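Below is start39.pdb, which holds PDB, C-alpha atoms.
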```pdb
ATOM      1  CA  MET A   1       0.000   0.000   0.000  1.00  0.00           C
ATOM      2  CA  THR A   2       1.353   3.404  -0.899  1.00  0.00           C
ATOM      3  CA  ALA A   3       1.453   5.901   1.943  1.00  0.00           C
ATOM      4  CA  LEU A   4      -1.476   8.288   1.977  1.00  0.00           C
ATOM      5  CA  GLN A   5      -0.683  11.862   1.059  1.00  0.00           C
ATOM      6  CA  ALA A   6      -2.551  14.643   2.819  1.00  0.00           C
ATOM      7  CA  ASP A   7      -3.414  17.955   1.197  1.00  0.00           C
ATOM      8  CA  LYS A   8      -3.889  19.550   4.606  1.00  0.00           C
ATOM      9  CA  THR A   9      -2.994  18.564   8.160  1.00  0.00           C
ATOM     10  CA  LEU A  10      -4.951  19.427  11.288  1.00  0.00           C
ATOM     11  CA  ASP A  11      -3.420  18.849  14.707  1.00  0.00           C
ATOM     12  CA  CYS A  12      -5.955  18.614  17.546  1.00  0.00           C
ATOM     13  CA  SER A  13      -3.519  17.183  20.083  1.00  0.00           C
ATOM     14  CA  GLY A  14      -4.556  17.985  23.639  1.00  0.00           C
ATOM     15  CA  ALA A  15      -8.134  18.944  22.764  1.00  0.00           C
ATOM     16  CA  LEU A  16     -11.062  16.917  24.052  1.00  0.00           C
ATOM     17  CA  CYS A  17     -14.571  16.354  22.641  1.00  0.00           C
ATOM     18  CA  PRO A  18     -16.143  18.089  20.746  1.00  0.00           C
ATOM     19  CA  ILE A  19     -13.202  20.207  19.496  1.00  0.00           C
ATOM     20  CA  PRO A  20     -11.603  17.602  17.163  1.00  0.00           C
ATOM     21  CA  VAL A  21     -14.934  17.010  15.424  1.00  0.00           C
ATOM     22  CA  ILE A  22     -15.647  20.737  15.094  1.00  0.00           C
ATOM     23  CA  LYS A  23     -12.181  21.604  13.801  1.00  0.00           C
ATOM     24  CA  THR A  24     -12.335  18.677  11.364  1.00  0.00           C
ATOM     25  CA  SER A  25     -15.679  19.879  10.000  1.00  0.00           C
ATOM     26  CA  ARG A  26     -14.112  23.289   9.361  1.00  0.00           C
ATOM     27  CA  ALA A  27     -10.833  21.970   7.946  1.00  0.00           C
ATOM     28  CA  ILE A  28     -12.531  19.597   5.502  1.00  0.00           C
ATOM     29  CA  LYS A  29     -14.191  22.631   3.900  1.00  0.00           C
ATOM     30  CA  GLU A  30     -10.744  24.095   3.314  1.00  0.00           C
ATOM     31  CA  VAL A  31      -9.693  21.289   0.971  1.00  0.00           C
ATOM     32  CA  GLU A  32     -11.190  20.605  -2.455  1.00  0.00           C
ATOM     33  CA  VAL A  33     -13.577  17.733  -3.073  1.00  0.00           C
ATOM     34  CA  GLY A  34     -11.443  14.635  -3.608  1.00  0.00           C
ATOM     35  CA  GLN A  35      -8.551  15.969  -1.539  1.00  0.00           C
ATOM     36  CA  VAL A  36      -7.400  14.412   1.721  1.00  0.00           C
ATOM     37  CA  LEU A  37      -7.283  15.877   5.217  1.00  0.00           C
ATOM     38  CA  LYS A  38      -4.957  14.420   7.837  1.00  0.00           C
ATOM     39  CA  LEU A  39      -6.137  14.739  11.434  1.00  0.00           C
ATOM     40  CA  ILE A  40      -3.942  14.165  14.465  1.00  0.00           C
ATOM     41  CA  ALA A  41      -5.715  13.812  17.829  1.00  0.00           C
ATOM     42  CA  THR A  42      -5.075  12.591  21.354  1.00  0.00           C
ATOM     43  CA  ASP A  43      -8.713  12.498  22.505  1.00  0.00           C
ATOM     44  CA  PRO A  44      -9.447   8.820  23.298  1.00  0.00           C
ATOM     45  CA  GLY A  45     -12.978   9.416  22.008  1.00  0.00           C
ATOM     46  CA  ALA A  46     -11.691  10.461  18.591  1.00  0.00           C
ATOM     47  CA  PRO A  47     -11.528   7.004  16.887  1.00  0.00           C
ATOM     48  CA  PRO A  48     -15.236   6.167  17.309  1.00  0.00           C
ATOM     49  CA  ASP A  49     -16.234   9.829  16.905  1.00  0.00           C
ATOM     50  CA  MET A  50     -14.400  10.290  13.613  1.00  0.00           C
ATOM     51  CA  GLU A  51     -16.062   7.148  12.260  1.00  0.00           C
ATOM     52  CA  ALA A  52     -19.466   8.523  13.246  1.00  0.00           C
ATOM     53  CA  TRP A  53     -18.617  11.966  11.885  1.00  0.00           C
ATOM     54  CA  SER A  54     -17.556  10.483   8.551  1.00  0.00           C
ATOM     55  CA  ARG A  55     -20.726   8.410   8.265  1.00  0.00           C
ATOM     56  CA  GLN A  56     -22.913  11.388   9.136  1.00  0.00           C
ATOM     57  CA  THR A  57     -21.230  13.875   6.813  1.00  0.00           C
ATOM     58  CA  GLY A  58     -20.654  11.432   3.963  1.00  0.00           C
ATOM     59  CA  ASN A  59     -16.911  12.056   3.887  1.00  0.00           C
ATOM     60  CA  GLU A  60     -14.644   9.050   3.519  1.00  0.00           C
ATOM     61  CA  LEU A  61     -12.452   7.869   6.377  1.00  0.00           C
ATOM     62  CA  LEU A  62      -9.599   6.339   4.389  1.00  0.00           C
ATOM     63  CA  ASP A  63      -7.421   5.298   7.282  1.00  0.00           C
ATOM     64  CA  ALA A  64      -7.219   5.463  11.055  1.00  0.00           C
ATOM     65  CA  HIS A  65      -4.185   4.333  12.990  1.00  0.00           C
ATOM     66  CA  THR A  66      -2.052   5.103  16.027  1.00  0.00           C
ATOM     67  CA  GLU A  67       1.311   6.777  15.621  1.00  0.00           C
ATOM     68  CA  ASP A  68       3.615   7.673  18.524  1.00  0.00           C
ATOM     69  CA  GLY A  69       0.686   7.374  20.927  1.00  0.00           C
ATOM     70  CA  LYS A  70      -1.497   9.698  18.856  1.00  0.00           C
ATOM     71  CA  PHE A  71      -4.513   8.938  16.699  1.00  0.00           C
ATOM     72  CA  VAL A  72      -4.053   9.711  13.010  1.00  0.00           C
ATOM     73  CA  PHE A  73      -6.889   9.878  10.503  1.00  0.00           C
ATOM     74  CA  PHE A  74      -6.955  10.384   6.750  1.00  0.00           C
ATOM     75  CA  ILE A  75     -10.266  11.713   5.481  1.00  0.00           C
ATOM     76  CA  ARG A  76     -11.207  12.327   1.866  1.00  0.00           C
ATOM     77  CA  ARG A  77     -13.639  15.163   1.196  1.00  0.00           C
ATOM     78  CA  VAL A  78     -16.480  13.602  -0.797  1.00  0.00           C
ATOM     79  CA  LYS A  79     -18.866  16.543  -1.188  1.00  0.00           C
TER      80      LYS A  79
ATOM     81  CA  MET B  80     -40.406  25.968  12.215  1.00  0.00           C
ATOM     82  CA  THR B  81     -41.047  23.071   9.874  1.00  0.00           C
ATOM     83  CA  LYS B  82     -38.223  21.338   8.126  1.00  0.00           C
ATOM     84  CA  THR B  83     -37.701  22.875   4.735  1.00  0.00           C
ATOM     85  CA  ASP B  84     -34.117  21.830   4.080  1.00  0.00           C
ATOM     86  CA  PRO B  85     -34.077  20.173   0.660  1.00  0.00           C
ATOM     87  CA  ASN B  86     -30.811  18.408   1.463  1.00  0.00           C
ATOM     88  CA  GLY B  87     -32.561  16.350   4.129  1.00  0.00           C
ATOM     89  CA  ARG B  88     -30.255  17.315   6.961  1.00  0.00           C
ATOM     90  CA  LYS B  89     -30.921  15.636  10.274  1.00  0.00           C
ATOM     91  CA  ARG B  90     -32.263  17.778  13.077  1.00  0.00           C
ATOM     92  CA  LEU B  91     -31.398  17.892  16.794  1.00  0.00           C
ATOM     93  CA  ALA B  92     -33.781  19.556  19.245  1.00  0.00           C
ATOM     94  CA  LEU B  93     -32.443  20.222  22.743  1.00  0.00           C
ATOM     95  CA  ILE B  94     -33.947  21.677  25.871  1.00  0.00           C
ATOM     96  CA  ALA B  95     -31.403  23.353  28.172  1.00  0.00           C
ATOM     97  CA  SER B  96     -33.052  23.699  31.566  1.00  0.00           C
ATOM     98  CA  LYS B  97     -30.057  24.136  33.883  1.00  0.00           C
ATOM     99  CA  GLY B  98     -27.646  27.044  34.165  1.00  0.00           C
ATOM    100  CA  THR B  99     -24.807  25.738  36.312  1.00  0.00           C
ATOM    101  CA  LEU B 100     -21.290  25.338  34.914  1.00  0.00           C
ATOM    102  CA  ASP B 101     -21.463  21.546  34.791  1.00  0.00           C
ATOM    103  CA  TRP B 102     -24.883  21.381  33.148  1.00  0.00           C
ATOM    104  CA  ALA B 103     -24.060  24.146  30.690  1.00  0.00           C
ATOM    105  CA  TYR B 104     -21.720  21.745  28.933  1.00  0.00           C
ATOM    106  CA  PRO B 105     -24.020  18.989  27.580  1.00  0.00           C
ATOM    107  CA  PRO B 106     -26.293  21.188  25.444  1.00  0.00           C
ATOM    108  CA  PHE B 107     -23.441  23.239  23.965  1.00  0.00           C
ATOM    109  CA  ILE B 108     -21.261  20.160  23.339  1.00  0.00           C
ATOM    110  CA  LEU B 109     -24.071  18.191  21.715  1.00  0.00           C
ATOM    111  CA  ALA B 110     -25.209  21.181  19.684  1.00  0.00           C
ATOM    112  CA  SER B 111     -21.752  22.040  18.354  1.00  0.00           C
ATOM    113  CA  ALA B 112     -20.932  18.387  17.606  1.00  0.00           C
ATOM    114  CA  ALA B 113     -24.225  17.957  15.728  1.00  0.00           C
ATOM    115  CA  ALA B 114     -23.605  21.153  13.778  1.00  0.00           C
ATOM    116  CA  ALA B 115     -20.154  19.789  12.898  1.00  0.00           C
ATOM    117  CA  MET B 116     -21.948  16.794  11.370  1.00  0.00           C
ATOM    118  CA  ASP B 117     -24.040  19.171   9.246  1.00  0.00           C
ATOM    119  CA  TRP B 118     -27.149  18.630  11.356  1.00  0.00           C
ATOM    120  CA  GLU B 119     -29.666  21.396  11.899  1.00  0.00           C
ATOM    121  CA  VAL B 120     -29.715  22.245  15.618  1.00  0.00           C
ATOM    122  CA  GLY B 121     -32.060  24.162  17.875  1.00  0.00           C
ATOM    123  CA  ILE B 122     -31.805  24.665  21.631  1.00  0.00           C
ATOM    124  CA  PHE B 123     -34.735  25.823  23.736  1.00  0.00           C
ATOM    125  CA  PHE B 124     -33.356  27.615  26.813  1.00  0.00           C
ATOM    126  CA  THR B 125     -35.844  27.507  29.638  1.00  0.00           C
ATOM    127  CA  PHE B 126     -35.899  28.097  33.393  1.00  0.00           C
ATOM    128  CA  TYR B 127     -32.324  28.280  34.765  1.00  0.00           C
ATOM    129  CA  GLY B 128     -30.958  27.249  31.393  1.00  0.00           C
ATOM    130  CA  LEU B 129     -32.116  30.605  30.053  1.00  0.00           C
ATOM    131  CA  THR B 130     -29.261  32.326  31.903  1.00  0.00           C
ATOM    132  CA  LEU B 131     -26.846  30.648  29.462  1.00  0.00           C
ATOM    133  CA  LEU B 132     -28.048  33.103  26.815  1.00  0.00           C
ATOM    134  CA  LEU B 133     -27.288  36.205  28.879  1.00  0.00           C
ATOM    135  CA  LYS B 134     -24.552  38.457  27.500  1.00  0.00           C
ATOM    136  CA  GLU B 135     -23.111  38.644  30.988  1.00  0.00           C
ATOM    137  CA  ASN B 136     -23.111  35.038  32.102  1.00  0.00           C
ATOM    138  CA  HIS B 137     -20.660  33.372  34.464  1.00  0.00           C
ATOM    139  CA  PRO B 138     -22.021  29.911  35.223  1.00  0.00           C
ATOM    140  CA  ALA B 139     -20.915  28.547  38.582  1.00  0.00           C
ATOM    141  CA  ILE B 140     -21.052  25.235  40.370  1.00  0.00           C
ATOM    142  CA  SER B 141     -22.089  24.228  43.851  1.00  0.00           C
ATOM    143  CA  PRO B 142     -20.831  20.962  45.356  1.00  0.00           C
ATOM    144  CA  LEU B 143     -23.516  21.343  48.056  1.00  0.00           C
ATOM    145  CA  GLY B 144     -26.184  18.686  47.600  1.00  0.00           C
ATOM    146  CA  ASN B 145     -24.122  17.103  44.826  1.00  0.00           C
ATOM    147  CA  PRO B 146     -22.577  14.015  46.458  1.00  0.00           C
ATOM    148  CA  ALA B 147     -21.529  12.500  43.108  1.00  0.00           C
ATOM    149  CA  MET B 148     -19.189  15.386  42.291  1.00  0.00           C
ATOM    150  CA  PRO B 149     -15.531  14.275  42.514  1.00  0.00           C
ATOM    151  CA  MET B 150     -13.677  16.778  44.705  1.00  0.00           C
ATOM    152  CA  LYS B 151     -10.224  16.761  43.135  1.00  0.00           C
ATOM    153  CA  MET B 152      -7.433  19.300  42.777  1.00  0.00           C
ATOM    154  CA  PRO B 153      -6.349  20.462  39.304  1.00  0.00           C
ATOM    155  CA  PHE B 154      -2.701  21.014  40.318  1.00  0.00           C
ATOM    156  CA  GLY B 155       0.186  19.252  42.018  1.00  0.00           C
ATOM    157  CA  PRO B 156       1.670  15.813  41.333  1.00  0.00           C
ATOM    158  CA  GLU B 157      -0.513  13.151  39.731  1.00  0.00           C
ATOM    159  CA  SER B 158      -0.903  11.179  42.961  1.00  0.00           C
ATOM    160  CA  PHE B 159      -2.207  14.359  44.646  1.00  0.00           C
ATOM    161  CA  GLN B 160      -4.610  15.112  41.787  1.00  0.00           C
ATOM    162  CA  LYS B 161      -6.102  11.640  42.084  1.00  0.00           C
ATOM    163  CA  ILE B 162      -7.234  12.207  45.674  1.00  0.00           C
ATOM    164  CA  SER B 163     -10.979  12.631  46.040  1.00  0.00           C
ATOM    165  CA  TRP B 164     -11.242  14.927  49.042  1.00  0.00           C
ATOM    166  CA  PRO B 165     -13.987  14.082  51.562  1.00  0.00           C
ATOM    167  CA  ILE B 166     -15.281  17.628  52.072  1.00  0.00           C
ATOM    168  CA  PRO B 167     -17.813  17.841  54.929  1.00  0.00           C
ATOM    169  CA  THR B 168     -21.187  19.162  53.814  1.00  0.00           C
ATOM    170  CA  ALA B 169     -21.059  21.969  56.420  1.00  0.00           C
ATOM    171  CA  MET B 170     -17.837  23.275  54.847  1.00  0.00           C
ATOM    172  CA  MET B 171     -19.561  23.480  51.464  1.00  0.00           C
ATOM    173  CA  ALA B 172     -21.911  26.086  52.935  1.00  0.00           C
ATOM    174  CA  VAL B 173     -19.023  28.395  53.894  1.00  0.00           C
ATOM    175  CA  PRO B 174     -19.123  31.705  51.947  1.00  0.00           C
ATOM    176  CA  GLY B 175     -16.744  31.570  49.016  1.00  0.00           C
ATOM    177  CA  PHE B 176     -16.790  27.793  48.706  1.00  0.00           C
ATOM    178  CA  ASN B 177     -18.855  27.824  45.502  1.00  0.00           C
ATOM    179  CA  ALA B 178     -16.478  30.344  43.939  1.00  0.00           C
ATOM    180  CA  LEU B 179     -13.527  28.163  44.914  1.00  0.00           C
ATOM    181  CA  ALA B 180     -15.147  25.012  43.530  1.00  0.00           C
ATOM    182  CA  THR B 181     -16.092  26.867  40.326  1.00  0.00           C
ATOM    183  CA  ASN B 182     -12.538  28.060  39.795  1.00  0.00           C
ATOM    184  CA  LEU B 183     -11.120  24.597  40.465  1.00  0.00           C
ATOM    185  CA  MET B 184     -13.518  22.998  37.990  1.00  0.00           C
ATOM    186  CA  LYS B 185     -12.740  25.607  35.322  1.00  0.00           C
ATOM    187  CA  GLN B 186      -9.033  24.956  35.853  1.00  0.00           C
ATOM    188  CA  THR B 187      -9.604  21.199  35.566  1.00  0.00           C
ATOM    189  CA  PHE B 188     -11.475  21.640  32.274  1.00  0.00           C
ATOM    190  CA  LYS B 189      -8.691  23.881  30.967  1.00  0.00           C
ATOM    191  CA  ASN B 190      -5.949  21.446  32.008  1.00  0.00           C
ATOM    192  CA  LYS B 191      -7.713  18.553  30.301  1.00  0.00           C
ATOM    193  CA  GLY B 192      -8.241  20.423  27.031  1.00  0.00           C
ATOM    194  CA  VAL B 193     -11.977  21.012  27.321  1.00  0.00           C
ATOM    195  CA  ALA B 194     -13.295  24.174  25.686  1.00  0.00           C
ATOM    196  CA  SER B 195     -14.821  26.829  27.957  1.00  0.00           C
ATOM    197  CA  ILE B 196     -18.547  27.571  27.955  1.00  0.00           C
ATOM    198  CA  PRO B 197     -18.078  30.984  26.235  1.00  0.00           C
ATOM    199  CA  GLU B 198     -15.994  29.260  23.528  1.00  0.00           C
ATOM    200  CA  LEU B 199     -18.605  26.547  22.972  1.00  0.00           C
ATOM    201  CA  ARG B 200     -21.427  29.095  22.938  1.00  0.00           C
ATOM    202  CA  ASP B 201     -19.567  31.170  20.341  1.00  0.00           C
ATOM    203  CA  LEU B 202     -19.018  28.023  18.272  1.00  0.00           C
ATOM    204  CA  CYS B 203     -22.742  27.287  18.363  1.00  0.00           C
ATOM    205  CA  CYS B 204     -23.507  30.864  17.234  1.00  0.00           C
ATOM    206  CA  ASP B 205     -20.969  30.579  14.399  1.00  0.00           C
ATOM    207  CA  CYS B 206     -22.470  27.254  13.262  1.00  0.00           C
ATOM    208  CA  GLY B 207     -25.943  28.755  13.007  1.00  0.00           C
ATOM    209  CA  VAL B 208     -27.463  26.865  15.940  1.00  0.00           C
ATOM    210  CA  ASP B 209     -30.974  28.178  16.570  1.00  0.00           C
ATOM    211  CA  LEU B 210     -30.903  29.593  20.110  1.00  0.00           C
ATOM    212  CA  ILE B 211     -34.466  29.944  21.376  1.00  0.00           C
ATOM    213  CA  ALA B 212     -35.124  31.863  24.593  1.00  0.00           C
ATOM    214  CA  CYS B 213     -38.230  30.814  26.517  1.00  0.00           C
ATOM    215  CA  GLN B 214     -40.594  33.792  26.627  1.00  0.00           C
ATOM    216  CA  MET B 215     -42.354  32.612  29.773  1.00  0.00           C
ATOM    217  CA  THR B 216     -39.085  32.288  31.712  1.00  0.00           C
ATOM    218  CA  MET B 217     -38.042  35.750  30.536  1.00  0.00           C
ATOM    219  CA  ASP B 218     -41.177  37.195  32.058  1.00  0.00           C
ATOM    220  CA  VAL B 219     -40.771  35.215  35.296  1.00  0.00           C
ATOM    221  CA  PHE B 220     -37.136  36.225  35.843  1.00  0.00           C
ATOM    222  CA  GLY B 221     -37.445  39.710  34.341  1.00  0.00           C
ATOM    223  CA  PHE B 222     -35.068  39.294  31.390  1.00  0.00           C
ATOM    224  CA  LYS B 223     -35.307  41.389  28.237  1.00  0.00           C
ATOM    225  CA  GLN B 224     -34.337  40.444  24.695  1.00  0.00           C
ATOM    226  CA  GLU B 225     -31.458  42.926  24.866  1.00  0.00           C
ATOM    227  CA  ASP B 226     -30.016  41.028  27.859  1.00  0.00           C
ATOM    228  CA  PHE B 227     -29.282  38.092  25.551  1.00  0.00           C
ATOM    229  CA  ILE B 228     -26.572  37.513  22.961  1.00  0.00           C
ATOM    230  CA  PRO B 229     -27.573  38.764  19.487  1.00  0.00           C
ATOM    231  CA  GLY B 230     -28.041  35.247  18.060  1.00  0.00           C
ATOM    232  CA  ALA B 231     -30.934  34.424  20.420  1.00  0.00           C
ATOM    233  CA  ARG B 232     -34.592  34.609  19.411  1.00  0.00           C
ATOM    234  CA  VAL B 233     -37.610  34.569  21.690  1.00  0.00           C
ATOM    235  CA  ALA B 234     -40.453  32.034  21.464  1.00  0.00           C
ATOM    236  CA  GLY B 235     -42.670  29.724  23.475  1.00  0.00           C
ATOM    237  CA  ALA B 236     -43.340  26.030  24.026  1.00  0.00           C
ATOM    238  CA  ALA B 237     -45.440  25.585  20.880  1.00  0.00           C
ATOM    239  CA  THR B 238     -42.599  26.868  18.721  1.00  0.00           C
ATOM    240  CA  PHE B 239     -40.161  24.411  20.240  1.00  0.00           C
ATOM    241  CA  LEU B 240     -42.582  21.488  20.024  1.00  0.00           C
ATOM    242  CA  GLU B 241     -43.208  22.143  16.343  1.00  0.00           C
ATOM    243  CA  TYR B 242     -39.446  22.271  15.813  1.00  0.00           C
ATOM    244  CA  ALA B 243     -38.894  19.098  17.861  1.00  0.00           C
ATOM    245  CA  ALA B 244     -41.684  17.206  16.105  1.00  0.00           C
ATOM    246  CA  GLU B 245     -39.553  17.131  12.977  1.00  0.00           C
ATOM    247  CA  ALA B 246     -36.275  16.339  14.720  1.00  0.00           C
ATOM    248  CA  GLU B 247     -34.633  12.921  14.574  1.00  0.00           C
ATOM    249  CA  VAL B 248     -33.159  13.500  18.047  1.00  0.00           C
ATOM    250  CA  GLN B 249     -34.822  15.320  20.933  1.00  0.00           C
ATOM    251  CA  LEU B 250     -33.134  15.596  24.321  1.00  0.00           C
ATOM    252  CA  PHE B 251     -33.927  17.294  27.602  1.00  0.00           C
ATOM    253  CA  VAL B 252     -30.902  18.473  29.559  1.00  0.00           C
TER     254      VAL B 252
END
```
Kindly present the structure from the file in structure tokens form.
Amino acid sequence: MTALQADKTLDCSGALCPIPVIKTSRAIKEVEVGQVLKLIATDPGAPPDMEAWSRQTGNELLDAHTEDGKFVFFIRRVK
Amino acid sequence: MTKTDPNGRKRLALIASKGTLDWAYPPFILASAAAAMDWEVGIFFTFYGLTLLLKENHPAISPLGNPAMPMKMPFGPESFQKISWPIPTAMMAVPGFNALATNLMKQTFKNKGVASIPELRDLCCDCGVDLIACQMTMDVFGFKQEDFIPGARVAGAATFLEYAAEAEVQLFV
């Protein structure tokens, strides 16, 4: 698998619910449709919340993994 | 207000009935999170919850009569912060104790990375959350429209019920 390339990166380290979700919803509007947003978060609620957020907004959660103790998400703007 | 959104957005209808610092959080967190998911959101502020719409609002907390509230310190080493202090009820009635508890809780929220109530309220305003002030409560407590933040509108129970009738999620806080 080729490494995912992000068009924009958002770091929400240290912020708890609902800030990562809110900042993601703003940041996704700052990339073009089809482009990819990378989100970094430390909120333990972020993994299930980003899945729910993606389902609800129709954006595509391409990948979610842990890196150096942080949660990393790649989200493609669909609409 | 009936649902007219052609895009079929989901709708969240909340009632905020409490105005203390702790209970100010759930409605603003749920509302801003729902707005972040492109949901339409309305909050009906009634009784003590109405104070959350005041321009000058400094929600406080009282540990008195709240035995479930963990009494912990937001500073010092981790082992110290983990201690749940057994504060006697009589001490909670001492003047200044509520202010102390309020400041400690605000500091705890800040340390943990939780947004403040003014920040969350501003977020809700920016996201277009419909902030509905209960007319009846305004009359009871003597509030005027100009006491509230500009984003607030005034209406009654029927308005909220019509709004809630078309919401996928309705919650009372």
Residues of chain A within 8 Å of chain B, counting all atoms listed in the file, as a VMD selection string: chain A and resid 14 to 19 21 to 22 25 to 26 53 56 to 57
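Reported to one decimal place, the separation of atom CA of A:Pro20 from atom CA of B:Phe154 is 25.0 Å.
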Non-local contacts of stretch 35-47 of chain A (10 Å; all atoms listed in the file; under 2 positions in same chain excluded) as JSON, numbers by chain: {"A": [4, 5, 6, 7, 8, 9, 10, 11, 12, 13, 14, 15, 16, 17, 18, 19, 20, 21, 23, 24, 27, 28, 29, 30, 31, 32, 33, 49, 50, 51, 52, 53, 60, 61, 62, 63, 64, 65, 66, 67, 69, 70, 71, 72, 73, 74, 75, 76, 77, 78], "B": [191, 192]}
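In this model, the gap between atom CA of B:Lys185 and atom CA of B:Pro153 comes to 9.1 Å.
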Shell of 10 Å around B:Ala180, all atoms listed in the file, local chain residues under 5 positions omitted, as a ChimeraX atom specification: /B:139-142,150-152,171,175,185-186
Contact residues around B:Asp226 with all atoms listed in the file at 8 Å, ignoring same-chain residues under 6 positions, as a PyMOL selection string: chain B and resi 133-135
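You will find atom CA of B:Tyr104 at 12.3 Å from atom CA of B:Met184.
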Exercise: B:Cys213 partners within 9 Å, all atoms listed in the file, chain neighbours under 6 positions left out, as a list in words: Phe123, Phe124, Thr125, Phe126, Leu129, Arg232, Val233, Ala234, Gly235 and Ala236 of chain B
I need the residue set behind the PyMOL selection byres ((chain B and resi 242) around 10) for this file; please write it as a tab-separated table (two decimals) with C-alpha atoms, in the coordinates of the input.
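File written: part.tsv
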```tsv
chain	number	residue	atom	x	y	z
B	80	MET	CA	-40.41	25.97	12.22
B	81	THR	CA	-41.05	23.07	9.87
B	82	LYS	CA	-38.22	21.34	8.13
B	90	ARG	CA	-32.26	17.78	13.08
B	91	LEU	CA	-31.40	17.89	16.79
B	92	ALA	CA	-33.78	19.56	19.24
B	120	VAL	CA	-29.72	22.24	15.62
B	121	GLY	CA	-32.06	24.16	17.88
B	122	ILE	CA	-31.80	24.66	21.63
B	123	PHE	CA	-34.74	25.82	23.74
B	236	ALA	CA	-43.34	26.03	24.03
B	237	ALA	CA	-45.44	25.58	20.88
B	238	THR	CA	-42.60	26.87	18.72
B	239	PHE	CA	-40.16	24.41	20.24
B	240	LEU	CA	-42.58	21.49	20.02
B	241	GLU	CA	-43.21	22.14	16.34
B	243	ALA	CA	-38.89	19.10	17.86
B	244	ALA	CA	-41.68	17.21	16.10
B	245	GLU	CA	-39.55	17.13	12.98
B	246	ALA	CA	-36.28	16.34	14.72
B	249	GLN	CA	-34.82	15.32	20.93
```
Edge lengths and centre in Å to one decimal, as JSON, of the axis-aligned box that encloses all listed atoms of stretch 236-241 of chain B with 4 Å added on every side?
```
{"center_x": -42.8, "center_y": 24.2, "center_z": 20.2, "size_x": 13.3, "size_y": 13.4, "size_z": 15.7}
```
Result set, the PyMOL selection byres ((chain B and resi 98) around 6) on current file, as a VMD selection string: chain B and resid 97 99 103 127 to 128 130 to 131
For the residues selected in the previous step, produce a file with C-alpha atoms as a PDB file, in the coordinates of the input.
```
ATOM      1  CA  LYS B  97     -30.057  24.136  33.883  1.00  0.00           C
ATOM      2  CA  THR B  99     -24.807  25.738  36.312  1.00  0.00           C
ATOM      3  CA  ALA B 103     -24.060  24.146  30.690  1.00  0.00           C
ATOM      4  CA  TYR B 127     -32.324  28.280  34.765  1.00  0.00           C
ATOM      5  CA  GLY B 128     -30.958  27.249  31.393  1.00  0.00           C
ATOM      6  CA  THR B 130     -29.261  32.326  31.903  1.00  0.00           C
ATOM      7  CA  LEU B 131     -26.846  30.648  29.462  1.00  0.00           C
TER       8      LEU B 131
END
```
